[in-house]
Each structure stands twice: as structure tokens, then as C-alpha cells.
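One file, query14.cif, is given below (mmCIF, C-alpha atoms (C1' of nucleotides)).
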data_model
#
loop_
_atom_site.label_atom_id
_atom_site.label_comp_id
_atom_site.auth_asym_id
_atom_site.auth_seq_id
_atom_site.Cartn_x
_atom_site.Cartn_y
_atom_site.Cartn_z
CA MET R 1 3.47 -10.21 -25.24
CA LEU R 2 2.76 -11.82 -21.90
CA ARG R 3 0.07 -14.26 -20.91
CA VAL R 4 -0.62 -16.84 -18.22
CA ARG R 5 -1.17 -20.44 -19.25
CA ASP R 6 -1.48 -23.40 -16.90
CA GLY R 7 -0.06 -21.42 -14.03
CA ARG R 8 2.96 -20.23 -15.93
CA LEU R 9 3.81 -16.77 -17.19
CA GLU R 10 4.68 -16.99 -20.86
CA ALA R 11 6.27 -14.50 -23.23
CA LEU R 12 6.17 -14.04 -26.97
CA THR R 13 8.52 -11.60 -28.65
CA GLY R 14 8.71 -10.30 -32.17
CA ARG R 15 10.11 -7.52 -34.31
CA VAL R 16 8.86 -5.34 -37.10
CA ARG R 17 10.68 -2.90 -39.26
CA MET R 18 9.00 0.46 -39.57
CA ARG R 19 8.17 1.83 -42.97
CA ARG R 20 8.67 5.40 -44.03
CA GLY R 21 5.92 7.70 -42.85
CA GLU R 22 4.29 4.99 -40.79
CA ALA R 23 2.85 5.56 -37.32
CA LEU R 24 4.20 3.56 -34.40
CA GLU R 25 0.83 1.98 -33.78
CA ASP R 26 0.56 0.96 -37.42
CA ALA R 27 3.88 -0.82 -37.30
CA LEU R 28 2.74 -2.55 -34.12
CA ALA R 29 -0.48 -3.63 -35.82
CA ARG R 30 1.52 -5.25 -38.60
CA ALA R 31 3.48 -7.27 -36.05
CA VAL R 32 0.64 -8.54 -33.92
CA ASP R 33 -3.12 -8.77 -33.88
CA VAL R 34 -3.68 -5.82 -31.59
CA SER R 35 -7.34 -6.74 -31.12
CA ALA R 36 -6.16 -9.89 -29.35
CA LEU R 37 -4.39 -7.77 -26.74
CA ALA R 38 -6.46 -6.63 -23.79
CA HIS R 39 -3.90 -3.96 -23.08
CA HIS R 40 -0.64 -2.71 -24.51
CA GLU R 41 1.65 0.13 -23.68
CA GLN R 42 4.98 1.56 -24.66
CA LEU R 43 7.90 0.64 -22.46
CA GLU R 44 10.91 2.47 -23.83
CA THR R 45 12.83 3.48 -26.88
CA ARG R 46 16.46 2.65 -27.33
CA LEU R 47 19.13 3.05 -29.91
CA GLU R 48 20.26 -0.19 -31.54
CA ARG R 49 23.81 -0.89 -32.58
CA ASP R 50 23.01 -0.41 -36.22
CA GLY R 51 21.74 3.11 -35.56
CA THR R 52 18.05 2.34 -35.79
CA LEU R 53 15.57 3.25 -33.10
CA ALA R 54 13.80 0.39 -31.37
CA THR R 55 10.58 1.06 -29.49
CA VAL R 56 9.53 -1.65 -27.07
CA TYR R 57 5.90 -2.42 -26.33
CA LEU R 58 4.36 -4.53 -23.62
CA GLY R 59 1.23 -6.44 -24.63
CA LEU R 60 -1.03 -8.47 -22.35
CA VAL R 61 -3.14 -11.37 -23.66
CA PRO R 62 -6.10 -12.84 -21.73
CA SER R 63 -5.47 -16.43 -20.75
CA ASP R 64 -8.45 -17.74 -22.69
CA ARG R 65 -7.60 -16.04 -25.98
CA GLU R 66 -5.65 -17.88 -28.61
CA LEU R 67 -2.61 -16.22 -30.07
CA PRO R 68 -0.36 -18.66 -31.89
CA GLY R 69 3.39 -18.29 -31.77
CA ALA R 70 6.53 -19.50 -30.07
CA TRP R 71 5.54 -18.82 -26.49
CA VAL R 72 8.28 -19.46 -23.98
CA GLU R 73 8.19 -19.50 -20.20
CA ALA R 74 9.03 -15.95 -19.13
CA ARG R 75 11.15 -16.91 -16.15
CA ALA R 76 13.33 -19.09 -18.34
CA SER R 77 13.91 -16.31 -20.83
CA ARG R 78 17.27 -14.57 -20.93
CA ASP R 79 15.85 -11.65 -22.87
CA GLU R 80 16.23 -8.51 -20.82
CA LEU R 81 13.26 -6.96 -22.56
CA VAL R 82 11.13 -9.79 -21.24
CA ALA R 83 12.53 -9.22 -17.77
CA ALA R 84 11.68 -5.52 -18.00
CA ALA R 85 8.15 -6.32 -19.12
CA GLU R 86 7.80 -8.80 -16.27
CA ALA R 87 8.88 -6.22 -13.72
CA ARG R 88 6.50 -3.68 -15.16
CA LEU R 89 3.66 -6.17 -14.99
CA ARG R 90 4.36 -6.99 -11.35
CA GLY R 91 4.13 -3.33 -10.44
CA LYS R 92 0.97 -2.76 -12.41
CA LEU R 93 -0.80 -5.73 -10.86
CA SER R 94 -0.30 -4.13 -7.46
CA TYR R 95 -1.59 -0.63 -8.00
CA THR R 96 -3.81 -0.91 -11.06
CA ASN R 97 -6.58 -3.17 -12.31
CA ALA R 98 -4.15 -4.68 -14.84
CA GLY R 99 -5.42 -8.16 -13.99
CA PHE R 100 -8.29 -7.72 -16.44
CA ALA R 101 -5.79 -7.92 -19.28
CA LEU R 102 -4.61 -11.37 -18.24
CA ALA R 103 -7.86 -12.89 -17.03
CA PRO R 104 -10.77 -14.20 -19.10
CA ALA R 105 -14.04 -12.27 -19.12
CA GLU R 106 -15.45 -14.25 -16.20
CA PHE R 107 -13.56 -16.29 -13.68
CA THR R 108 -13.58 -17.69 -10.18
CA ILE R 109 -11.39 -16.33 -7.43
CA SER R 110 -9.29 -19.49 -7.54
CA GLU R 111 -8.64 -19.02 -11.23
CA LEU R 112 -7.74 -15.39 -10.72
CA ARG R 113 -5.47 -16.39 -7.88
CA GLU R 114 -3.56 -18.76 -10.16
CA ILE R 115 -3.04 -15.95 -12.65
CA TYR R 116 -1.73 -13.62 -9.98
CA VAL R 117 0.53 -16.29 -8.56
CA ALA R 118 2.05 -16.94 -11.97
CA ALA R 119 2.45 -13.27 -12.81
CA LEU R 120 3.77 -12.14 -9.44
CA GLY R 121 5.95 -15.17 -8.89
CA HIS R 122 4.90 -15.73 -5.31
CA ASP R 123 2.01 -17.24 -3.45
CA VAL R 124 -1.12 -15.17 -2.87
CA SER R 125 -4.02 -15.77 -0.53
CA ALA R 126 -7.33 -16.19 -2.38
CA THR R 127 -9.21 -14.71 0.56
CA ASN R 128 -7.14 -11.57 0.64
CA LEU R 129 -7.01 -11.23 -3.12
CA GLN R 130 -10.78 -11.18 -3.27
CA ARG R 131 -11.22 -8.80 -0.38
CA VAL R 132 -8.61 -6.37 -1.64
CA LEU R 133 -9.88 -6.26 -5.20
CA VAL R 134 -13.54 -6.10 -4.24
CA ARG R 135 -12.93 -3.32 -1.75
CA ARG R 136 -11.11 -1.33 -4.39
CA GLY R 137 -14.07 -1.81 -6.67
CA VAL R 138 -12.07 -3.39 -9.47
CA LEU R 139 -13.83 -6.75 -9.08
CA GLU R 140 -17.56 -7.39 -9.10
CA ARG R 141 -19.75 -10.48 -8.86
CA VAL R 142 -21.68 -11.81 -11.78
CA PRO R 143 -24.71 -14.09 -11.35
CA GLY R 144 -24.26 -17.83 -11.47
CA VAL R 145 -21.61 -20.24 -10.31
CA ARG R 146 -19.02 -22.47 -11.87
CA ALA R 147 -19.82 -26.17 -11.42
CA PRO R 148 -17.13 -28.04 -9.49
CA GLY R 149 -14.68 -30.35 -11.25
CA ARG R 150 -14.36 -34.09 -11.00
CA ALA R 151 -13.01 -33.98 -7.47
CA GLY R 152 -16.10 -32.15 -6.21
CA GLY R 153 -16.07 -29.16 -3.96
CA ARG R 154 -18.30 -26.20 -3.43
CA PRO R 155 -19.34 -24.38 -6.63
CA ALA R 156 -17.35 -21.22 -7.12
CA ALA R 157 -18.86 -17.76 -7.51
CA LEU R 158 -18.10 -15.94 -10.75
CA PHE R 159 -16.47 -12.53 -10.93
CA ARG R 160 -15.39 -10.06 -13.57
CA PHE R 161 -13.38 -6.89 -13.68
CA ALA R 162 -15.53 -3.80 -13.39
CA SER R 163 -13.52 -2.00 -16.04
CA SER R 164 -11.57 -3.27 -19.02
CA ARG R 165 -9.39 -0.22 -19.32
CA LEU R 166 -6.30 0.31 -17.28
CA GLU R 167 -7.07 2.37 -14.21
CA VAL R 168 -4.71 3.33 -11.45
CA THR R 169 -6.09 2.81 -7.98
CA ASP R 170 -6.15 5.82 -5.72
CA GLN R 171 -6.38 3.53 -2.74
CA PHE R 172 -2.66 3.44 -2.71
CA ALA R 173 -2.16 6.31 -0.37
CA VAL R 174 1.39 6.57 0.76
CA LEU R 175 1.87 10.20 1.70
CA ALA R 176 -1.85 10.69 1.40
CA PRO R 177 -3.43 14.12 1.23
CA ARG R 178 -4.46 15.58 4.54
CA ARG R 179 -8.14 15.69 5.20
CA MET T 1 12.65 19.54 -16.56
CA LEU T 2 10.91 19.92 -13.23
CA ARG T 3 12.09 21.60 -10.06
CA VAL T 4 10.63 23.10 -6.91
CA ARG T 5 11.30 26.75 -6.16
CA ASP T 6 9.72 28.75 -3.37
CA GLY T 7 7.04 26.14 -2.84
CA ARG T 8 6.07 25.99 -6.49
CA LEU T 9 6.59 23.22 -9.00
CA GLU T 10 8.20 24.69 -12.08
CA ALA T 11 8.74 23.27 -15.54
CA LEU T 12 11.23 23.99 -18.29
CA THR T 13 10.75 22.49 -21.72
CA GLY T 14 12.97 22.37 -24.75
CA ARG T 15 13.54 20.60 -28.01
CA VAL T 16 16.51 19.28 -29.92
CA ARG T 17 16.75 17.87 -33.36
CA MET T 18 18.64 14.62 -33.58
CA ARG T 19 21.57 14.31 -35.89
CA ARG T 20 22.28 11.34 -38.07
CA GLY T 21 23.90 8.47 -36.21
CA GLU T 22 23.54 10.19 -32.87
CA ALA T 23 22.51 8.38 -29.71
CA LEU T 24 19.42 9.51 -27.83
CA GLU T 25 21.45 10.42 -24.78
CA ASP T 26 23.83 12.49 -26.88
CA ALA T 27 20.99 14.51 -28.32
CA LEU T 28 19.67 15.01 -24.81
CA ALA T 29 23.09 16.20 -23.66
CA ARG T 30 23.10 18.84 -26.37
CA ALA T 31 19.77 20.14 -25.18
CA VAL T 32 20.46 20.35 -21.47
CA ASP T 33 23.31 20.13 -19.00
CA VAL T 34 22.65 16.56 -17.95
CA SER T 35 25.07 16.86 -15.03
CA ALA T 36 22.67 19.40 -13.50
CA LEU T 37 19.92 16.79 -13.43
CA ALA T 38 19.79 14.54 -10.41
CA HIS T 39 17.69 12.10 -12.35
CA HIS T 40 16.22 11.74 -15.80
CA GLU T 41 14.25 9.07 -17.52
CA GLN T 42 12.46 8.41 -20.74
CA LEU T 43 8.73 8.92 -20.72
CA GLU T 44 7.46 7.96 -24.14
CA THR T 45 8.02 8.17 -27.84
CA ARG T 46 5.42 9.52 -30.17
CA LEU T 47 5.03 10.22 -33.81
CA GLU T 48 4.83 13.91 -34.67
CA ARG T 49 2.67 15.31 -37.45
CA ASP T 50 5.63 15.90 -39.70
CA GLY T 51 6.59 12.23 -39.51
CA THR T 52 9.48 12.60 -37.11
CA LEU T 53 9.79 10.62 -33.92
CA ALA T 54 9.75 12.59 -30.69
CA THR T 55 11.12 11.02 -27.54
CA VAL T 56 10.11 12.70 -24.32
CA TYR T 57 12.35 12.80 -21.28
CA LEU T 58 11.59 13.76 -17.72
CA GLY T 59 14.42 15.51 -15.88
CA LEU T 60 14.50 16.47 -12.22
CA VAL T 61 16.59 19.35 -10.92
CA PRO T 62 17.51 19.78 -7.24
CA SER T 63 16.01 22.94 -5.79
CA ASP T 64 19.36 24.41 -4.89
CA ARG T 65 20.96 23.96 -8.29
CA GLU T 66 20.91 26.76 -10.82
CA LEU T 67 19.68 26.02 -14.29
CA PRO T 68 18.81 29.15 -16.23
CA GLY T 69 15.90 29.18 -18.63
CA ALA T 70 12.27 30.15 -19.00
CA TRP T 71 10.85 28.27 -16.06
CA VAL T 72 7.10 28.39 -15.77
CA GLU T 73 4.78 27.25 -13.02
CA ALA T 74 3.88 23.66 -13.90
CA ARG T 75 0.26 23.86 -12.82
CA ALA T 76 -0.29 26.85 -15.06
CA SER T 77 1.15 25.09 -18.09
CA ARG T 78 -1.18 23.86 -20.78
CA ASP T 79 1.47 21.57 -22.20
CA GLU T 80 0.25 18.01 -21.96
CA LEU T 81 3.80 16.75 -21.82
CA VAL T 82 4.30 18.75 -18.65
CA ALA T 83 1.10 17.30 -17.24
CA ALA T 84 2.31 13.79 -18.02
CA ALA T 85 5.65 14.48 -16.36
CA GLU T 86 3.84 15.88 -13.33
CA ALA T 87 1.71 12.77 -13.01
CA ARG T 88 4.73 10.54 -13.33
CA LEU T 89 6.52 12.51 -10.65
CA ARG T 90 3.60 12.23 -8.24
CA GLY T 91 3.62 8.48 -8.60
CA LYS T 92 7.34 8.18 -8.19
CA LEU T 93 7.39 10.29 -5.06
CA SER T 94 5.07 7.78 -3.44
CA TYR T 95 6.79 4.49 -4.11
CA THR T 96 10.40 5.45 -4.81
CA ASN T 97 13.06 7.65 -3.28
CA ALA T 98 12.61 10.14 -6.12
CA GLY T 99 12.65 13.01 -3.63
CA PHE T 100 16.44 13.03 -3.70
CA ALA T 101 16.28 14.41 -7.23
CA LEU T 102 14.34 17.48 -6.14
CA ALA T 103 15.91 18.15 -2.76
CA PRO T 104 19.30 19.68 -2.00
CA ALA T 105 22.05 17.50 -0.55
CA GLU T 106 21.04 18.24 3.03
CA PHE T 107 17.76 19.60 4.27
CA THR T 108 15.42 19.82 7.21
CA ILE T 109 12.16 17.93 7.35
CA SER T 110 10.29 21.19 6.95
CA GLU T 111 12.15 22.00 3.78
CA LEU T 112 11.53 18.51 2.43
CA ARG T 113 7.91 18.83 3.33
CA GLU T 114 7.60 22.01 1.27
CA ILE T 115 9.09 20.21 -1.71
CA TYR T 116 6.68 17.32 -1.38
CA VAL T 117 3.74 19.67 -0.94
CA ALA T 118 4.66 21.54 -4.11
CA ALA T 119 5.29 18.39 -6.13
CA LEU T 120 2.27 16.43 -4.93
CA GLY T 121 -0.09 19.36 -4.96
CA HIS T 122 -1.58 18.66 -1.57
CA ASP T 123 -0.71 19.14 2.06
CA VAL T 124 1.55 16.63 3.78
CA SER T 125 2.23 16.12 7.46
CA ALA T 126 5.88 16.67 8.36
CA THR T 127 5.63 14.08 11.12
CA ASN T 128 4.37 11.38 8.80
CA LEU T 129 6.72 12.30 6.01
CA GLN T 130 9.68 11.84 8.32
CA ARG T 131 8.44 8.62 9.88
CA VAL T 132 7.53 7.04 6.56
CA LEU T 133 10.76 7.92 4.81
CA VAL T 134 12.98 7.05 7.75
CA ARG T 135 11.30 3.70 8.28
CA ARG T 136 11.78 2.87 4.64
CA GLY T 137 15.43 3.70 5.02
CA VAL T 138 15.46 6.30 2.27
CA LEU T 139 16.17 9.13 4.70
CA GLU T 140 18.98 9.32 7.24
CA ARG T 141 20.14 11.89 9.76
CA VAL T 142 23.33 13.84 9.31
CA PRO T 143 25.13 15.49 12.25
CA GLY T 144 24.43 19.11 13.06
CA VAL T 145 21.40 21.32 12.95
CA ARG T 146 20.15 24.21 10.89
CA ALA T 147 20.07 27.46 12.85
CA PRO T 148 16.59 28.94 13.10
CA GLY T 149 15.57 31.93 11.00
CA ARG T 150 14.75 35.46 12.11
CA ALA T 151 11.52 34.44 13.78
CA GLY T 152 13.27 31.95 16.02
CA GLY T 153 12.14 28.43 16.69
CA ARG T 154 13.88 25.23 17.59
CA PRO T 155 16.90 24.36 15.41
CA ALA T 156 15.99 21.77 12.81
CA ALA T 157 17.79 18.46 12.43
CA LEU T 158 19.46 17.83 9.09
CA PHE T 159 18.71 14.86 6.86
CA ARG T 160 19.84 13.49 3.54
CA PHE T 161 18.72 10.79 1.18
CA ALA T 162 20.56 7.52 1.79
CA SER T 163 20.87 6.89 -1.92
CA SER T 164 21.11 9.24 -4.87
CA ARG T 165 19.97 6.72 -7.40
CA LEU T 166 16.36 5.94 -8.06
CA GLU T 167 15.24 2.94 -6.03
CA VAL T 168 11.80 1.44 -5.83
CA THR T 169 10.61 0.69 -2.34
CA ASP T 170 9.54 -2.87 -1.64
CA GLN T 171 7.66 -1.69 1.40
CA PHE T 172 4.69 -1.13 -0.80
CA ALA T 173 3.17 -4.53 -0.37
CA VAL T 174 -0.29 -4.72 -1.78
CA LEU T 175 -0.81 -8.38 -2.57
CA ALA T 176 2.29 -9.15 -0.59
CA PRO T 177 4.02 -12.50 -0.73
CA ARG T 178 2.84 -15.01 1.81
CA ARG T 179 5.18 -15.65 4.66
"C1'" DG I 1 11.82 36.49 31.92
"C1'" DG I 2 7.77 36.26 28.88
"C1'" DG I 3 5.41 35.77 24.51
"C1'" DG I 4 5.78 34.04 19.83
"C1'" DT I 5 7.68 30.57 16.56
"C1'" DT I 6 9.41 26.40 14.75
"C1'" DT I 7 10.80 21.78 15.33
"C1'" DT I 8 10.64 17.39 17.60
"C1'" DA I 9 8.78 13.44 19.97
"C1'" DG I 10 5.30 10.50 21.90
"C1'" DA I 11 0.80 8.62 22.35
"C1'" DC I 12 -3.40 7.50 20.22
"C1'" DT I 13 -6.37 5.88 16.64
"C1'" DC I 14 -7.77 3.91 12.33
"C1'" DC I 15 -7.93 0.65 8.88
"C1'" DA I 16 -5.99 -2.06 5.06
"C1'" DA I 17 -4.42 -6.43 4.61
"C1'" DG I 18 -2.32 -11.05 6.04
"C1'" DA I 19 -3.37 -15.39 8.88
"C1'" DC I 20 -6.35 -18.75 10.49
"C1'" DG I 21 -10.08 -21.83 11.14
"C1'" DA I 22 -14.70 -23.34 10.61
"C1'" DA I 23 -18.73 -23.86 7.81
"C1'" DA I 24 -20.86 -24.59 3.28
"C1'" DA I 25 -21.55 -27.14 -0.85
"C1'" DC I 26 -20.22 -30.48 -3.86
"C1'" DC I 27 -18.07 -35.22 -5.49
"C1'" DG I 28 -17.31 -40.34 -5.39
"C1'" DT I 29 -17.73 -44.67 -3.26
"C1'" DG I 30 -19.33 -48.40 -0.73
"C1'" DC F 1 -27.49 -42.47 2.07
"C1'" DA F 2 -23.81 -41.96 5.18
"C1'" DC F 3 -19.02 -40.87 4.96
"C1'" DG F 4 -14.58 -39.09 3.78
"C1'" DG F 5 -12.21 -36.00 0.63
"C1'" DT F 6 -12.22 -31.40 -1.96
"C1'" DT F 7 -12.94 -26.85 -3.01
"C1'" DT F 8 -14.87 -22.57 -1.98
"C1'" DT F 9 -16.62 -19.17 1.18
"C1'" DC F 10 -17.20 -16.56 5.32
"C1'" DG F 11 -16.04 -14.66 9.71
"C1'" DT F 12 -12.78 -13.44 13.19
"C1'" DC F 13 -8.32 -12.24 14.84
"C1'" DT F 14 -4.02 -9.93 14.50
"C1'" DT F 15 -0.48 -7.01 12.69
"C1'" DG F 16 1.58 -3.00 11.22
"C1'" DG F 17 1.71 1.15 8.36
"C1'" DA F 18 0.22 5.63 8.42
"C1'" DG F 19 -2.76 9.90 9.75
"C1'" DT F 20 -3.97 12.94 13.91
"C1'" DC F 21 -3.17 15.36 17.91
"C1'" DT F 22 -0.87 17.45 21.67
"C1'" DA F 23 2.76 18.64 24.50
"C1'" DA F 24 7.53 19.46 25.15
"C1'" DA F 25 11.92 21.29 23.43
"C1'" DA F 26 14.73 24.89 21.70
"C1'" DC F 27 15.23 29.10 19.75
"C1'" DC F 28 14.19 34.38 18.65
"C1'" DC F 29 13.11 39.13 19.99
"C1'" DC F 30 11.72 42.58 23.19
#
Now that the file is in, can you turn its structure into C-alpha cells?
Amino acid sequence: MLRVRDGRLEALTGRVRMRRGEALEDALARAVDVSALAHHEQLETRLERDGTLATVYLGLVPSDRELPGAWVEARASRDELVAAAEARLRGKLSYTNAGFALAPAEFTISELREIYVAALGHDVSATNLQRVLVRRGVLERVPGVRAPGRAGGRPAALFRFASSRLEVTDQFAVLAPRR
Amino acid sequence: MLRVRDGRLEALTGRVRMRRGEALEDALARAVDVSALAHHEQLETRLERDGTLATVYLGLVPSDRELPGAWVEARASRDELVAAAEARLRGKLSYTNAGFALAPAEFTISELREIYVAALGHDVSATNLQRVLVRRGVLERVPGVRAPGRAGGRPAALFRFASSRLEVTDQFAVLAPRR
DNA sequence: GGGGTTTTAGACTCCAAGACGAAAACCGTG
DNA sequence: CACGGTTTTCGTCTTGGAGTCTAAAACCCC
């Protein structure tokens, strides 16, 4: 599982042994509270040394949802499965609305920016982030504002993701169809 | 397996039963001549009705390589696995150099365009295709030209893919890092 | 040599997206 | 309540990737 906490991308890994006649999703459900995941998908299946098949899942947890466990900073992890999940996440953040799976239900652009910065591993402009996501229609305003913190500042507008299911953007038009 | 023949995207499907203690790749090798595939990758693993695990691979065959079998037009297929492979291919053609796995070793831009048109399912400008792929560095010129056909026309320059291993382009910079 | 065909190259345009700076809206303090 | 410090927001400017268009180049056949 991956989540963003305090500006850091964190990972939580675990294993389950499948039972005879059990579906993959059932085994997954025994390992983790699937309802706590905003999104999960299969990454790959590989053959372990002992001859068993291991199927790897990637799960994404919203930053405001509790999910106890031994979370470790993803960048510090030496686990290559974590690295693969990280890479997959980076790609998905670019050409899908995958951000919904990491963000809380409502958020300010600054908060969303922090999540993207942590997940992508590089700085991101809040202005551009908002414009890009709003233009694509994956982000929409919700009424009300978030009161500023102790230091003051202008109250921030609240946003949410228009959809909470993974959707691939068609805005990404390299080699676009001819009109 | 997918290939492009005569401007059509064709699919060839098959099944193997795994043997005890056998690696996934070994089972794949028994099903198909892997050396004939320019690229193959795992798509997903699912649980079949009879309780067995089915792992789906996507294989790409260069258009000039022979690989006998009951090839069918992909668009006409009702197989949802073929549809999934098709969708995956469309994505990969946009943000990777996956074209190398469908094209012959050397080709003209027109020939490459036909392959992309068949695989993507929509028209593509030869001018843009060349400019985009050359700028990304995935395409490079090779000396010599292809003599024109019966109808005449200017001799076409020859190109090849710079790499014959799948590489993701970093040119695709939505939410790019700040400079 | 002329008409038809295919490929190539250049110029033009459009627009998504990054960069920048100023204004807006709030805080705390004296 | 004026002032400086902070955070967010909005508008403008600029850049560069990519689609469109047209003309030139290079070939065939008759």
C-alpha cells in the first residue's frame, strides 16, 4: 500500500498465503481492509523460489484515512516491489485521475500540491496543477473555504475529484487522431 | 499475440497448461516461439471458473516475421483478452517506443505510418509521426533509400528504431518537474 | 517531355502547460 | 487600526510540442 503523510510517500507491505479454491480478491481481502483502499490494482505475477506464485497488488490509501501498520518511507525502502509500485504511481498521476486515491474527500490546492510533490518526488507548481486538473475536468470546486492557519493568509478554496474511479485522460494526445 | 499485416491489426491467441514446478516463462515458451516475439509482457492474472490461475501475456510480432497460426482481425474479435491487449498496445504506442516490436528492422515512414494507423485505429499524419519520433530520439535514419513501387514516386528514406528494448519516453511531461 | 504518384521539407498555427508577478484576503502585533 | 508577514488566487507572458497545409523533390510510365 502507498499513502502520503506529512509530505512523505509511505509504503506498507504484507503477504498472504492463498487457500485452496480461493479467489485472488478474497485472499487480498484477508490481508488488508480493502474498503480502506481508494483504489487497488494488480501489478504482476511472478514465480517465487519455492515454486509458489506470487501476485503483487498496488493499493492506494487516502491521506486522511487511518490504516495501522508498519509504514515506512517509500524512498528509503530497498524493496523492489515498492519501487515498482512507486514508478507505476508516478505514471498514473500524470495521465489519470489517480490523485483521488491519495487525497482526502475535500482539499485545498496547496494540500493537493503537497501530495503530488511527495508522490512524484519533484516540485510542482500549485497554479499549474490546478489549471491542468481543472481543465481536464478531474477537479471541481466545492462551496466554502478552508480557514487559514495560525500564520494567517487568504482562505483557500476547496476542491474535490469529480470521479472516484480511476479514469484515463484522453487529453493526452501524442499521435492524436486526425480531425 | 498481435501483429500488423496489410494494414490490419491481427491477433493470435493460445493456451498452455502449466506443469508442476515450471516457471511462467517456460510455460510461455512451450506455447509460442518466444524468439519470434520482439516484445512480450504480462498483462494480468485472473482466477478461472475451474479454480486454476490464468496469467495473460501480450506478445508483439514484427510485421515481417512469419508466425503461422489462426490469425484473426483484432477488431472483429469478441475476446475480451484481445480487447485488453489492444488497449494496452494503444497506450504503449503513445508514450513508449513500442513500435519497434511491430515494425520490421528497417522501414520507410509511410510503412511505419500504416502500422500505427492499424494499431491505433485512427489516421495519423506521416509528417507528425516522423517529427515526433525523431525528436524523441526513438527513430533514426539509416543510409540508403527504398526504391519506389510500380506507380513511381520519390524514393523513401529508411529508418529504424534506435533501441529494440521497450523504453518509456520522459518527453511526456504532464505535471513536469520545475526547472 | 508531360502527367501522375509518392515522399520530403518548410512554414504556419494552435494550444497545453510552465514561469512570473501582482492582487486579494487573512493573521498577529504594537 | 495601521502595518508587515503569509498564504492563496488570478492574470499575463512565454515556450515548445504537435497538427495542418502546401510546395518542392524525385521517381514512374507513356
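Selected on chain T by distance to chain I: T:Gly152, T:Gly153, T:Arg154, T:Ala156 (within 6 Å, counting all atoms listed in the file).
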How about saving the chosen residues, C-alpha atoms kept, as a CSV table (one decimal), in the frame of the given file?
chain,number,residue,atom,x,y,z
T,152,GLY,CA,13.3,32.0,16.0
T,153,GLY,CA,12.1,28.4,16.7
T,154,ARG,CA,13.9,25.2,17.6
T,156,ALA,CA,16.0,21.8,12.8
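Across the model, the gap from CA of Thr96 in chain R to CA of Met1 in chain R is 18.5 Å.
One finds CA of Ala11 in chain R at 14.2 Å from CA of Arg65 in chain R.
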Using 7 Å as the limit and counting all atoms listed in the file, can you tabulate each residue of chain F that touches chain R, with its shortest atom-to-atom distance in Å and the two atoms involved, as JSON lines?
{"residue": "F:DT6", "atom": "C1'", "partner": "R:Gly153", "partner_atom": "CA", "distance": 4.9}
{"residue": "F:DT7", "atom": "C1'", "partner": "R:Gly153", "partner_atom": "CA", "distance": 4.0}
{"residue": "F:DT8", "atom": "C1'", "partner": "R:Arg154", "partner_atom": "CA", "distance": 5.2}
Would you give me, as an mmCIF file with C-alpha atoms, in the coordinates of the input, the residues of chain T that come within 10 Å of chain R, using all atoms listed in the file?
data_model
loop_
_atom_site.group_PDB
_atom_site.id
_atom_site.type_symbol
_atom_site.label_atom_id
_atom_site.label_comp_id
_atom_site.auth_asym_id
_atom_site.auth_seq_id
_atom_site.Cartn_x
_atom_site.Cartn_y
_atom_site.Cartn_z
ATOM 1 C CA ARG T 20 22.280 11.340 -38.070
ATOM 2 C CA GLY T 21 23.900 8.470 -36.210
ATOM 3 C CA GLU T 22 23.540 10.190 -32.870
ATOM 4 C CA ALA T 23 22.510 8.380 -29.710
ATOM 5 C CA LEU T 24 19.420 9.510 -27.830
ATOM 6 C CA GLU T 25 21.450 10.420 -24.780
ATOM 7 C CA GLU T 41 14.250 9.070 -17.520
ATOM 8 C CA GLN T 42 12.460 8.410 -20.740
ATOM 9 C CA LEU T 43 8.730 8.920 -20.720
ATOM 10 C CA GLU T 44 7.460 7.960 -24.140
ATOM 11 C CA THR T 45 8.020 8.170 -27.840
ATOM 12 C CA ARG T 46 5.420 9.520 -30.170
ATOM 13 C CA LEU T 47 5.030 10.220 -33.810
ATOM 14 C CA GLU T 48 4.830 13.910 -34.670
ATOM 15 C CA ARG T 49 2.670 15.310 -37.450
ATOM 16 C CA ASP T 50 5.630 15.900 -39.700
ATOM 17 C CA GLY T 51 6.590 12.230 -39.510
ATOM 18 C CA THR T 52 9.480 12.600 -37.110
ATOM 19 C CA LEU T 53 9.790 10.620 -33.920
ATOM 20 C CA THR T 55 11.120 11.020 -27.540
ATOM 21 C CA VAL T 56 10.110 12.700 -24.320
ATOM 22 C CA GLY T 91 3.620 8.480 -8.600
ATOM 23 C CA LEU T 93 7.390 10.290 -5.060
ATOM 24 C CA SER T 94 5.070 7.780 -3.440
ATOM 25 C CA TYR T 95 6.790 4.490 -4.110
ATOM 26 C CA TYR T 116 6.680 17.320 -1.380
ATOM 27 C CA VAL T 117 3.740 19.670 -0.940
ATOM 28 C CA LEU T 120 2.270 16.430 -4.930
ATOM 29 C CA GLY T 121 -0.090 19.360 -4.960
ATOM 30 C CA HIS T 122 -1.580 18.660 -1.570
ATOM 31 C CA ASP T 123 -0.710 19.140 2.060
ATOM 32 C CA VAL T 124 1.550 16.630 3.780
ATOM 33 C CA SER T 125 2.230 16.120 7.460
ATOM 34 C CA ASN T 128 4.370 11.380 8.800
ATOM 35 C CA LEU T 129 6.720 12.300 6.010
ATOM 36 C CA VAL T 132 7.530 7.040 6.560
ATOM 37 C CA LEU T 133 10.760 7.920 4.810
ATOM 38 C CA PHE T 172 4.690 -1.130 -0.800
ATOM 39 C CA ALA T 173 3.170 -4.530 -0.370
ATOM 40 C CA VAL T 174 -0.290 -4.720 -1.780
ATOM 41 C CA LEU T 175 -0.810 -8.380 -2.570
ATOM 42 C CA ALA T 176 2.290 -9.150 -0.590
ATOM 43 C CA PRO T 177 4.020 -12.500 -0.730
ATOM 44 C CA ARG T 178 2.840 -15.010 1.810
ATOM 45 C CA ARG T 179 5.180 -15.650 4.660
#
Exercise. Please identify all polymer residues within 9 Å of Val72 in chain R, counting all atoms listed in the file, omitting same-chain residues fewer than 3 positions from it, and present them as a PyMOL selection string.
Key: chain R and resi 9-12+75-77
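Interatomic distance, CA of Asp64 in chain R against CA of Ala98 in chain R: 15.8 Å.
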Self-check item: Residues near Leu28 in chain T, cut-off 10 Å, all atoms listed in the file, skip fewer than 2 positions along chain, as JSON, numbers by chain
Solution: {"T": [14, 15, 16, 17, 18, 23, 24, 25, 26, 30, 31, 32, 33, 34, 55, 56, 57]}
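Among the candidates R:Val138, R:Phe107, R:Arg165, R:Ala87, the one nearest to Leu37 in chain R when counting all atoms listed in the file is R:Arg165.
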Quiz item: If you apply the PyMOL selection byres ((chain T and resi 104) around 9) to this file, what residues do you get, as JSON, numbers by chain?
Solution: {"T": [62, 63, 64, 65, 100, 101, 102, 103, 105, 106, 107, 160]}
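Comparing the minimum interatomic distances between His40 in chain T and each of T:Val134, T:Ala85, T:Val4, T:Ile115, counting all atoms listed in the file, we find that T:Ala85 sits nearest.
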